[in-house]
$ cat protein11.cif   # mmCIF, C-alpha atoms
data_run
#
loop_
_atom_site.label_atom_id
_atom_site.label_comp_id
_atom_site.auth_asym_id
_atom_site.auth_seq_id
_atom_site.Cartn_x
_atom_site.Cartn_y
_atom_site.Cartn_z
CA MET A 1 -1.18 -59.14 70.24
CA SER A 2 0.14 -55.60 70.27
CA ASP A 3 3.41 -54.40 71.73
CA ASN A 4 4.02 -51.35 73.82
CA VAL A 5 7.74 -51.59 74.23
CA VAL A 6 9.93 -48.90 75.67
CA TRP A 7 12.89 -49.08 73.35
CA HIS A 8 13.77 -46.22 71.05
CA SER A 9 13.11 -46.42 67.35
CA HIS A 10 16.81 -45.68 66.78
CA PRO A 11 19.22 -48.56 67.05
CA VAL A 12 22.25 -48.14 69.27
CA ASP A 13 24.95 -46.48 67.18
CA GLN A 14 28.62 -45.62 67.55
CA GLN A 15 27.85 -42.26 69.11
CA ALA A 16 25.62 -43.79 71.77
CA ARG A 17 28.23 -46.44 72.58
CA ALA A 18 30.99 -43.85 72.74
CA GLU A 19 28.98 -41.48 74.95
CA GLN A 20 28.30 -44.33 77.33
CA LYS A 21 32.07 -44.82 77.63
CA GLN A 22 32.66 -41.04 77.73
CA GLN A 23 35.33 -41.21 75.07
CA MET A 24 36.06 -40.74 71.37
CA PRO A 25 36.33 -44.07 69.53
CA LEU A 26 39.60 -44.44 67.71
CA VAL A 27 42.00 -46.85 66.05
CA ILE A 28 45.65 -46.32 67.03
CA TRP A 29 47.62 -48.28 64.44
CA PHE A 30 51.27 -49.14 65.22
CA THR A 31 53.42 -50.07 62.22
CA GLY A 32 57.14 -50.91 62.08
CA LEU A 33 59.69 -53.66 61.65
CA SER A 34 59.63 -56.83 63.68
CA ALA A 35 61.24 -56.09 67.08
CA SER A 36 60.88 -52.32 66.64
CA GLY A 37 58.86 -52.17 69.86
CA LYS A 38 55.29 -51.85 68.49
CA SER A 39 53.65 -54.37 70.79
CA THR A 40 55.56 -53.23 73.87
CA ILE A 41 54.58 -49.60 73.36
CA ALA A 42 50.99 -50.45 72.39
CA GLY A 43 50.57 -52.75 75.39
CA ALA A 44 52.00 -50.18 77.78
CA LEU A 45 49.83 -47.41 76.32
CA GLU A 46 46.79 -49.65 76.74
CA GLN A 47 47.61 -50.11 80.41
CA ILE A 48 47.97 -46.37 80.96
CA LEU A 49 44.74 -45.57 79.12
CA THR A 50 42.83 -48.24 81.02
CA GLN A 51 44.16 -46.94 84.34
CA GLN A 52 42.89 -43.52 83.34
CA GLY A 53 39.40 -44.89 82.69
CA TYR A 54 39.38 -45.39 78.93
CA HIS A 55 37.85 -48.47 77.34
CA THR A 56 40.44 -50.07 75.08
CA TYR A 57 41.28 -53.25 73.23
CA LEU A 58 44.62 -54.39 71.85
CA LEU A 59 44.78 -56.31 68.58
CA ASP A 60 48.06 -57.97 67.72
CA GLY A 61 49.44 -61.12 66.19
CA ASP A 62 48.86 -63.04 69.41
CA ASN A 63 45.08 -62.78 69.40
CA VAL A 64 44.57 -62.76 65.64
CA ARG A 65 47.06 -65.12 63.98
CA HIS A 66 45.79 -68.14 65.97
CA GLY A 67 42.13 -67.32 65.43
CA LEU A 68 40.62 -64.98 62.85
CA CYS A 69 43.61 -65.26 60.51
CA LYS A 70 44.82 -68.77 61.27
CA ASP A 71 44.16 -69.80 57.66
CA LEU A 72 46.67 -67.21 56.41
CA GLY A 73 50.42 -67.51 55.85
CA PHE A 74 53.04 -64.89 55.04
CA SER A 75 52.87 -64.53 51.27
CA ASP A 76 52.25 -60.99 50.02
CA ASN A 77 48.60 -61.86 49.37
CA ASP A 78 48.10 -63.44 52.78
CA ARG A 79 49.75 -60.46 54.48
CA LYS A 80 47.36 -58.15 52.64
CA GLU A 81 44.36 -60.25 53.64
CA ASN A 82 45.61 -60.40 57.23
CA ILE A 83 45.77 -56.62 57.46
CA ARG A 84 42.43 -56.25 55.65
CA ARG A 85 40.68 -58.46 58.20
CA VAL A 86 42.40 -56.83 61.16
CA GLY A 87 41.38 -53.45 59.74
CA GLU A 88 37.77 -54.58 59.52
CA VAL A 89 37.86 -55.86 63.10
CA ALA A 90 39.43 -52.57 64.23
CA ARG A 91 36.57 -50.77 62.46
CA LEU A 92 33.99 -52.89 64.29
CA GLY A 93 35.84 -52.25 67.56
CA ALA A 94 35.80 -48.49 67.03
CA ASP A 95 32.14 -48.76 66.00
CA SER A 96 31.51 -50.41 69.37
CA GLY A 97 32.90 -47.25 71.01
CA LEU A 98 36.30 -48.62 72.01
CA ILE A 99 39.78 -47.20 71.56
CA ILE A 100 41.47 -49.94 69.55
CA LEU A 101 45.24 -50.34 69.60
CA ALA A 102 46.54 -52.44 66.72
CA ALA A 103 50.19 -53.54 66.53
CA PHE A 104 51.12 -55.13 63.21
CA ILE A 105 54.21 -54.86 61.00
CA SER A 106 51.77 -53.91 58.19
CA PRO A 107 54.60 -53.25 55.74
CA PHE A 108 52.57 -52.02 52.76
CA ARG A 109 51.36 -48.44 52.39
CA GLU A 110 48.37 -49.49 50.37
CA ASP A 111 47.12 -51.80 53.12
CA ARG A 112 47.49 -49.15 55.83
CA ARG A 113 45.68 -46.71 53.54
CA LEU A 114 42.86 -49.21 53.13
CA VAL A 115 42.39 -49.39 56.91
CA ARG A 116 42.41 -45.61 57.16
CA ASP A 117 39.84 -45.36 54.39
CA ILE A 118 37.26 -47.72 55.93
CA LEU A 119 37.25 -45.72 59.17
CA PRO A 120 35.31 -42.52 59.81
CA LYS A 121 37.41 -39.38 59.42
CA ASP A 122 39.69 -38.64 62.39
CA GLN A 123 39.31 -42.14 63.81
CA PHE A 124 42.63 -43.47 62.52
CA VAL A 125 45.99 -42.57 64.05
CA GLU A 126 49.03 -44.05 62.34
CA VAL A 127 52.03 -44.49 64.64
CA PHE A 128 55.34 -45.29 62.98
CA VAL A 129 57.60 -47.11 65.43
CA ASP A 130 60.87 -46.34 63.74
CA ALA A 131 63.88 -48.43 64.68
CA PRO A 132 66.81 -49.16 62.33
CA LEU A 133 66.96 -52.68 61.00
CA ALA A 134 70.35 -53.23 62.69
CA VAL A 135 68.83 -52.41 66.09
CA CYS A 136 65.89 -54.77 65.50
CA GLN A 137 68.30 -57.51 64.40
CA GLN A 138 70.35 -57.03 67.53
CA ARG A 139 67.31 -57.12 69.85
CA ASP A 140 65.69 -60.08 68.08
CA PRO A 141 63.62 -61.13 71.15
CA LYS A 142 61.92 -63.99 69.30
CA GLY A 143 65.03 -65.17 67.45
CA LEU A 144 63.34 -64.47 64.12
CA TYR A 145 66.16 -62.54 62.49
CA ALA A 146 68.52 -65.38 63.45
CA LYS A 147 66.20 -67.82 61.70
CA VAL A 148 66.18 -65.61 58.62
CA GLU A 149 70.00 -65.57 58.73
CA ARG A 150 70.00 -69.38 58.80
CA GLY A 151 67.61 -69.44 55.85
CA GLU A 152 64.75 -70.91 57.91
CA ILE A 153 62.35 -68.02 57.21
CA LYS A 154 61.71 -66.46 53.81
CA SER A 155 59.94 -63.23 52.86
CA PHE A 156 60.84 -61.50 56.10
CA THR A 157 60.04 -57.82 56.27
CA GLY A 158 63.14 -55.63 56.05
CA ILE A 159 65.30 -58.47 54.75
CA ASP A 160 63.87 -60.02 51.61
CA SER A 161 60.42 -58.43 51.75
CA PRO A 162 59.97 -54.64 51.68
CA TYR A 163 58.89 -52.34 54.48
CA GLU A 164 57.30 -49.22 53.05
CA THR A 165 58.01 -46.35 55.44
CA PRO A 166 54.97 -44.22 56.36
CA GLN A 167 55.09 -40.86 54.60
CA ALA A 168 52.88 -38.82 56.91
CA PRO A 169 52.14 -40.78 60.09
CA GLU A 170 50.23 -38.92 62.79
CA VAL A 171 52.98 -39.89 65.26
CA HIS A 172 56.59 -40.75 64.45
CA ILE A 173 58.42 -42.49 67.28
CA ASP A 174 62.20 -42.67 67.08
CA ALA A 175 62.43 -45.95 68.93
CA GLN A 176 66.19 -45.73 69.18
CA ALA A 177 66.19 -42.35 70.92
CA LEU A 178 63.07 -42.71 73.07
CA SER A 179 62.43 -45.10 75.94
CA VAL A 180 59.08 -46.84 76.20
CA ALA A 181 57.94 -44.33 78.82
CA GLU A 182 58.99 -41.41 76.62
CA SER A 183 57.22 -42.99 73.65
CA ILE A 184 54.04 -43.27 75.67
CA ASN A 185 54.28 -39.65 76.76
CA ARG A 186 54.68 -38.63 73.13
CA LEU A 187 51.51 -40.57 72.33
CA LEU A 188 49.59 -39.18 75.29
CA GLU A 189 50.58 -35.68 74.23
CA TYR A 190 49.33 -36.34 70.70
CA LEU A 191 46.05 -37.83 71.94
CA HIS A 192 45.61 -34.89 74.29
CA GLN A 193 46.14 -32.34 71.54
CA ALA A 194 43.83 -34.26 69.22
CA GLY A 195 41.07 -33.98 71.83
CA VAL A 196 40.90 -37.70 72.42
CA LEU A 197 41.89 -37.49 76.08
CA LYS A 198 39.76 -35.70 78.63
CA ALA A 199 41.34 -32.47 79.83
CA GLY A 200 44.35 -33.28 81.91
CA TYR A 201 46.33 -36.46 81.90
CA GLU A 202 49.19 -37.84 83.94
CA PRO A 203 52.42 -38.32 82.02
CA VAL A 204 54.29 -41.50 82.75
CA ALA A 205 57.26 -41.10 85.10
CA VAL A 206 60.56 -41.09 83.23
CA SER A 207 63.83 -41.22 85.14
CA ALA A 208 66.86 -39.48 83.65
CA MET B 209 68.46 -44.50 79.86
CA SER B 210 66.37 -46.24 82.48
CA ASP B 211 62.61 -46.23 82.80
CA ASN B 212 60.59 -45.83 85.91
CA VAL B 213 57.16 -46.20 84.47
CA VAL B 214 54.01 -46.62 86.48
CA TRP B 215 52.25 -49.30 84.50
CA HIS B 216 51.61 -52.74 85.93
CA SER B 217 53.60 -55.71 84.82
CA HIS B 218 50.32 -57.44 83.93
CA PRO B 219 48.76 -56.60 80.60
CA VAL B 220 45.11 -55.58 80.57
CA ASP B 221 43.05 -58.78 80.38
CA GLN B 222 39.41 -59.72 79.89
CA GLN B 223 38.71 -59.59 83.61
CA ALA B 224 40.10 -56.06 83.94
CA ARG B 225 38.11 -54.87 80.92
CA ALA B 226 34.93 -56.51 82.21
CA GLU B 227 35.36 -55.09 85.73
CA GLN B 228 35.78 -51.64 84.25
CA LYS B 229 32.41 -52.10 82.54
CA GLN B 230 30.93 -53.73 85.63
CA GLN B 231 29.54 -56.63 83.66
CA MET B 232 30.12 -60.23 82.62
CA PRO B 233 31.37 -60.50 79.03
CA LEU B 234 29.21 -62.74 76.91
CA VAL B 235 28.26 -63.76 73.39
CA ILE B 236 24.50 -64.03 72.82
CA TRP B 237 24.16 -65.93 69.55
CA PHE B 238 20.83 -65.78 67.69
CA THR B 239 20.23 -68.53 65.13
CA GLY B 240 17.16 -69.19 62.99
CA LEU B 241 15.71 -69.02 59.50
CA SER B 242 15.81 -65.88 57.40
CA ALA B 243 12.93 -63.62 58.54
CA SER B 244 12.48 -65.51 61.81
CA GLY B 245 13.06 -62.28 63.72
CA LYS B 246 16.67 -62.75 64.90
CA SER B 247 17.93 -59.27 64.04
CA THR B 248 14.80 -57.54 65.31
CA ILE B 249 14.97 -59.28 68.67
CA ALA B 250 18.75 -58.89 68.94
CA GLY B 251 18.58 -55.18 68.05
CA ALA B 252 15.79 -54.54 70.53
CA LEU B 253 17.59 -56.46 73.28
CA GLU B 254 20.71 -54.41 72.59
CA GLN B 255 18.74 -51.20 73.06
CA ILE B 256 17.29 -52.40 76.36
CA LEU B 257 20.66 -53.56 77.66
CA THR B 258 22.33 -50.29 76.66
CA GLN B 259 19.58 -48.28 78.35
CA GLN B 260 20.27 -50.27 81.49
CA GLY B 261 23.96 -49.42 81.38
CA TYR B 262 25.51 -52.49 79.74
CA HIS B 263 28.22 -52.20 77.12
CA THR B 264 27.11 -54.13 74.04
CA TYR B 265 27.82 -54.60 70.36
CA LEU B 266 25.62 -56.15 67.69
CA LEU B 267 27.16 -58.23 64.92
CA ASP B 268 24.94 -59.08 61.98
CA GLY B 269 25.04 -59.41 58.24
CA ASP B 270 24.85 -55.65 57.81
CA ASN B 271 28.18 -54.86 59.43
CA VAL B 272 30.02 -58.02 58.42
CA ARG B 273 28.97 -59.06 54.92
CA HIS B 274 30.12 -55.76 53.39
CA GLY B 275 33.40 -55.69 55.29
CA LEU B 276 35.13 -58.56 57.05
CA CYS B 277 33.39 -61.21 54.95
CA LYS B 278 32.89 -59.37 51.68
CA ASP B 279 35.07 -61.93 49.90
CA LEU B 280 32.64 -64.73 50.82
CA GLY B 281 29.57 -66.00 49.00
CA PHE B 282 26.87 -68.44 50.06
CA SER B 283 28.33 -71.85 49.24
CA ASP B 284 28.48 -74.28 52.16
CA ASN B 285 32.21 -73.59 52.55
CA ASP B 286 31.78 -69.83 52.44
CA ARG B 287 28.94 -70.00 54.98
CA LYS B 288 31.18 -72.00 57.28
CA GLU B 289 34.03 -69.51 56.88
CA ASN B 290 31.61 -66.61 57.42
CA ILE B 291 30.45 -68.05 60.74
CA ARG B 292 34.01 -68.97 61.72
CA ARG B 293 35.20 -65.37 61.24
CA VAL B 294 32.17 -63.91 62.99
CA GLY B 295 32.77 -66.33 65.84
CA GLU B 296 36.37 -65.15 66.13
CA VAL B 297 35.27 -61.51 66.12
CA ALA B 298 32.65 -62.30 68.76
CA ARG B 299 35.41 -63.91 70.83
CA LEU B 300 37.57 -60.78 70.51
CA GLY B 301 34.55 -58.65 71.43
CA ALA B 302 33.86 -60.69 74.57
CA ASP B 303 37.60 -60.58 75.35
CA SER B 304 37.31 -56.79 75.21
CA GLY B 305 34.69 -57.03 77.98
CA LEU B 306 31.60 -56.41 75.86
CA ILE B 307 28.30 -58.26 75.66
CA ILE B 308 28.21 -59.26 72.00
CA LEU B 309 24.91 -59.97 70.28
CA ALA B 310 25.30 -61.91 67.04
CA ALA B 311 22.38 -62.51 64.68
CA PHE B 312 23.17 -64.96 61.88
CA ILE B 313 21.16 -67.76 60.27
CA SER B 314 24.15 -70.02 61.12
CA PRO B 315 22.35 -73.12 59.86
CA PHE B 316 24.97 -75.75 60.72
CA ARG B 317 25.29 -77.29 64.19
CA GLU B 318 29.00 -77.89 63.75
CA ASP B 319 29.66 -74.20 63.06
CA ARG B 320 27.69 -73.06 66.11
CA ARG B 321 29.56 -75.65 68.17
CA LEU B 322 32.84 -74.24 66.89
CA VAL B 323 31.92 -70.76 68.12
CA ARG B 324 30.87 -72.15 71.50
CA ASP B 325 34.15 -74.04 71.77
CA ILE B 326 36.46 -71.07 71.16
CA LEU B 327 34.79 -69.08 73.94
CA PRO B 328 35.50 -69.40 77.65
CA LYS B 329 32.99 -71.59 79.49
CA ASP B 330 29.66 -69.87 80.25
CA GLN B 331 30.34 -67.04 77.77
CA PHE B 332 28.17 -68.43 74.96
CA VAL B 333 24.37 -68.29 75.00
CA GLU B 334 22.65 -69.89 72.03
CA VAL B 335 19.22 -68.43 71.27
CA PHE B 336 17.07 -70.35 68.83
CA VAL B 337 14.57 -67.99 67.19
CA ASP B 338 12.07 -70.58 66.11
CA ALA B 339 9.56 -69.58 63.45
CA PRO B 340 7.98 -72.05 61.01
CA LEU B 341 9.21 -71.76 57.44
CA ALA B 342 5.68 -70.88 56.25
CA VAL B 343 5.59 -67.89 58.60
CA CYS B 344 9.01 -66.70 57.46
CA GLN B 345 7.95 -67.07 53.83
CA GLN B 346 4.83 -65.05 54.48
CA ARG B 347 6.74 -62.24 56.26
CA ASP B 348 9.58 -62.13 53.73
CA PRO B 349 10.57 -58.52 54.57
CA LYS B 350 13.48 -58.51 52.12
CA GLY B 351 11.66 -60.36 49.34
CA LEU B 352 14.23 -63.16 49.50
CA TYR B 353 11.80 -66.08 49.63
CA ALA B 354 10.05 -64.63 46.59
CA LYS B 355 13.38 -64.56 44.76
CA VAL B 356 13.99 -68.18 45.69
CA GLU B 357 10.54 -69.03 44.38
CA ARG B 358 11.43 -67.38 41.07
CA GLY B 359 14.70 -69.32 40.96
CA GLU B 360 16.84 -66.20 41.40
CA ILE B 361 18.54 -67.46 44.57
CA LYS B 362 19.97 -70.95 45.08
CA SER B 363 21.10 -72.72 48.25
CA PHE B 364 18.68 -70.83 50.46
CA THR B 365 18.43 -72.06 54.03
CA GLY B 366 15.18 -73.90 54.72
CA ILE B 367 14.43 -74.35 51.01
CA ASP B 368 17.25 -76.11 49.18
CA SER B 369 19.90 -75.83 51.92
CA PRO B 370 19.39 -77.39 55.35
CA TYR B 371 18.75 -75.64 58.67
CA GLU B 372 19.93 -77.83 61.51
CA THR B 373 17.71 -77.13 64.51
CA PRO B 374 19.58 -76.48 67.79
CA GLN B 375 19.28 -79.47 70.12
CA ALA B 376 19.91 -77.78 73.44
CA PRO B 377 19.89 -73.99 73.03
CA GLU B 378 20.15 -71.95 76.22
CA VAL B 379 17.02 -70.07 75.15
CA HIS B 380 14.29 -71.28 72.80
CA ILE B 381 12.03 -68.53 71.51
CA ASP B 382 8.76 -69.53 69.90
CA ALA B 383 8.68 -66.58 67.53
CA GLN B 384 5.15 -67.38 66.40
CA ALA B 385 3.69 -67.31 69.91
CA LEU B 386 5.79 -64.51 71.44
CA SER B 387 5.88 -60.84 70.52
CA VAL B 388 9.22 -59.06 70.32
CA ALA B 389 8.65 -57.55 73.78
CA GLU B 390 7.81 -60.96 75.22
CA SER B 391 10.86 -62.45 73.55
CA ILE B 392 13.04 -59.80 75.13
CA ASN B 393 11.54 -60.44 78.54
CA ARG B 394 12.26 -64.13 78.13
CA LEU B 395 15.88 -63.25 77.35
CA LEU B 396 16.19 -60.77 80.22
CA GLU B 397 14.81 -63.43 82.57
CA TYR B 398 17.40 -65.92 81.34
CA LEU B 399 20.25 -63.42 81.64
CA HIS B 400 19.06 -62.49 85.12
CA GLN B 401 18.97 -66.11 86.28
CA ALA B 402 22.37 -66.75 84.70
CA GLY B 403 23.80 -63.94 86.82
CA VAL B 404 24.66 -61.79 83.81
CA LEU B 405 22.36 -58.93 84.79
CA LYS B 406 22.92 -56.97 87.97
CA ALA B 407 20.29 -57.68 90.60
CA GLY B 408 17.01 -56.22 89.45
CA TYR B 409 16.03 -55.37 85.92
CA GLU B 410 13.05 -53.72 84.30
CA PRO B 411 10.98 -55.98 82.07
CA VAL B 412 9.79 -54.44 78.84
CA ALA B 413 6.17 -53.28 78.86
CA VAL B 414 3.89 -55.73 77.07
CA SER B 415 0.28 -54.79 76.43
CA ALA B 416 -2.26 -57.61 76.40
#

$ encode --input "protein11.cif" --output "structure tokens"
Amino acid sequence: MSDNVVWHSHPVDQQARAEQKQQMPLVIWFTGLSASGKSTIAGALEQILTQQGYHTYLLDGDNVRHGLCKDLGFSDNDRKENIRRVGEVARLGADSGLIILAAFISPFREDRRLVRDILPKDQFVEVFVDAPLAVCQQRDPKGLYAKVERGEIKSFTGIDSPYETPQAPEVHIDAQALSVAESINRLLEYLHQAGVLKAGYEPVAVSA
Amino acid sequence: MSDNVVWHSHPVDQQARAEQKQQMPLVIWFTGLSASGKSTIAGALEQILTQQGYHTYLLDGDNVRHGLCKDLGFSDNDRKENIRRVGEVARLGADSGLIILAAFISPFREDRRLVRDILPKDQFVEVFVDAPLAVCQQRDPKGLYAKVERGEIKSFTGIDSPYETPQAPEVHIDAQALSVAESINRLLEYLHQAGVLKAGYEPVAVSA
């Protein structure tokens, strides 16, 4: 029995998947303290990008901590392994041609470096969502800082576990000075200049 | 400072991502002995689907064992954890709107059941690539069965580690009787009947 199949000898690769989606695959990695606004900004950016025709996927604690990483806790080692696995999934997502948005505290420089290093050059954008600890403590939307205060949570980033500030992030967002809309416009501007966005994009409306 | 942003209040969900790609998200899970033809069939099906405009991604040992699962070996527990993680990544991939093809020996029924159970209903298609052990041993493209014979590999599926045959796979491929092209046509026919493929599809050319 001989075959005369029509498929190419080349397997489908990242380039083919990206061309199909008419976009550059990318990992946009949001790092910052708990309650700094990472997930809000990442989720809003995803909505804008999707509206403009880009194929995206958002990775955050919600869809990872209960599944892929549900065996992990919050010790230093488990945090490292959490970020390692998320980084590998982000790599697979970019390999599939998607623009991956990842929003994780990811407090350690070495771990963020590891994610950058497993990705092809120019496919990792580090976004530092920079809000002072006092602001995050005041916001405290999940009541986590209050729990830390009451001694119910240990090893909390910024309190009794370190947050290592990014030294040269591709985008630095002053989350105290900028609104969410302004943060998104900063990101769109960066992505535009980096050639990720097709020529022309609509900034998000920002009222004064 | 008030915002007047244009994004929707609803985050981007699986349905939105799937509609953008004009397809039904799905995990097509290939199980079978080493050298049964899983990866070959899965890779060829991916090429056909991509040619026909579907957005796919192939997960197999090549892109997982060196990354996401590089900390795992081949003990029963590590095999289970390997399949668990791959299942979670497949779930994220389907959640992103893609058609995920996964090709893993995945010898244990319970592990395959676990993957089925974490996916939304009708988003898991189990494909049993059924080749007799003797045929796989004869093919032995990676020389693995020969290594087992020489005692260089232990706990090898089908030899000294069990393969639990699927009891009710969505698709059963007799890999001894069917060529790769015929196997693909069987799969395309199934996907067509299941409503996954848009009306009309081109079968792969099979010479007699």

$ atom_distance --input "protein11.cif" --atom1 "CA of Ile48 in chain A" --atom2 "CA of Arg225 in chain B"
13.0 Å

$ atom_distance --input "protein11.cif" --atom1 "CA of Glu334 in chain B" --atom2 "CA of Pro11 in chain A"
22.2 Å

$ interface_residues --input "protein11.cif" --of "chain A" --to "chain B" --cutoff "9 Å" --atoms "only C-alpha atoms" --output "PyMOL selection string"
chain A and resi 1-8+10-12+16-17+20-21+43-48+50-51+53-59+63-64+67-69+84-89+92-93+95-98+118+178-182+204-208

$ atom_distance --input "protein11.cif" --atom1 "CA of Lys80 in chain A" --atom2 "CA of Lys288 in chain B"
21.8 Å

$ axis_aligned_box --input "protein11.cif" --around "range 46-55 of chain A" --padding-each-side "5 Å" --output "lines of an AutoDock Vina configuration file"
center_x = 42.9
center_y = -46.8
center_z = 80.5
size_x = 20.1
size_y = 16.6
size_z = 17.6

$ residues_near_point --input "protein11.cif" --point "(57.7, -45.2, 56.2)" --cutoff "10 Å" --atoms "all atoms listed in the file" --output "PyMOL selection string"
chain A and resi 31-32+107-109+128-130+163-169+172

$ closest_residue --input "protein11.cif" --among "A:Gly61, A:Gly143, A:Pro25, A:Gly158" --to "Phe104 in chain A" --atoms "only C-alpha atoms"
A:Gly61
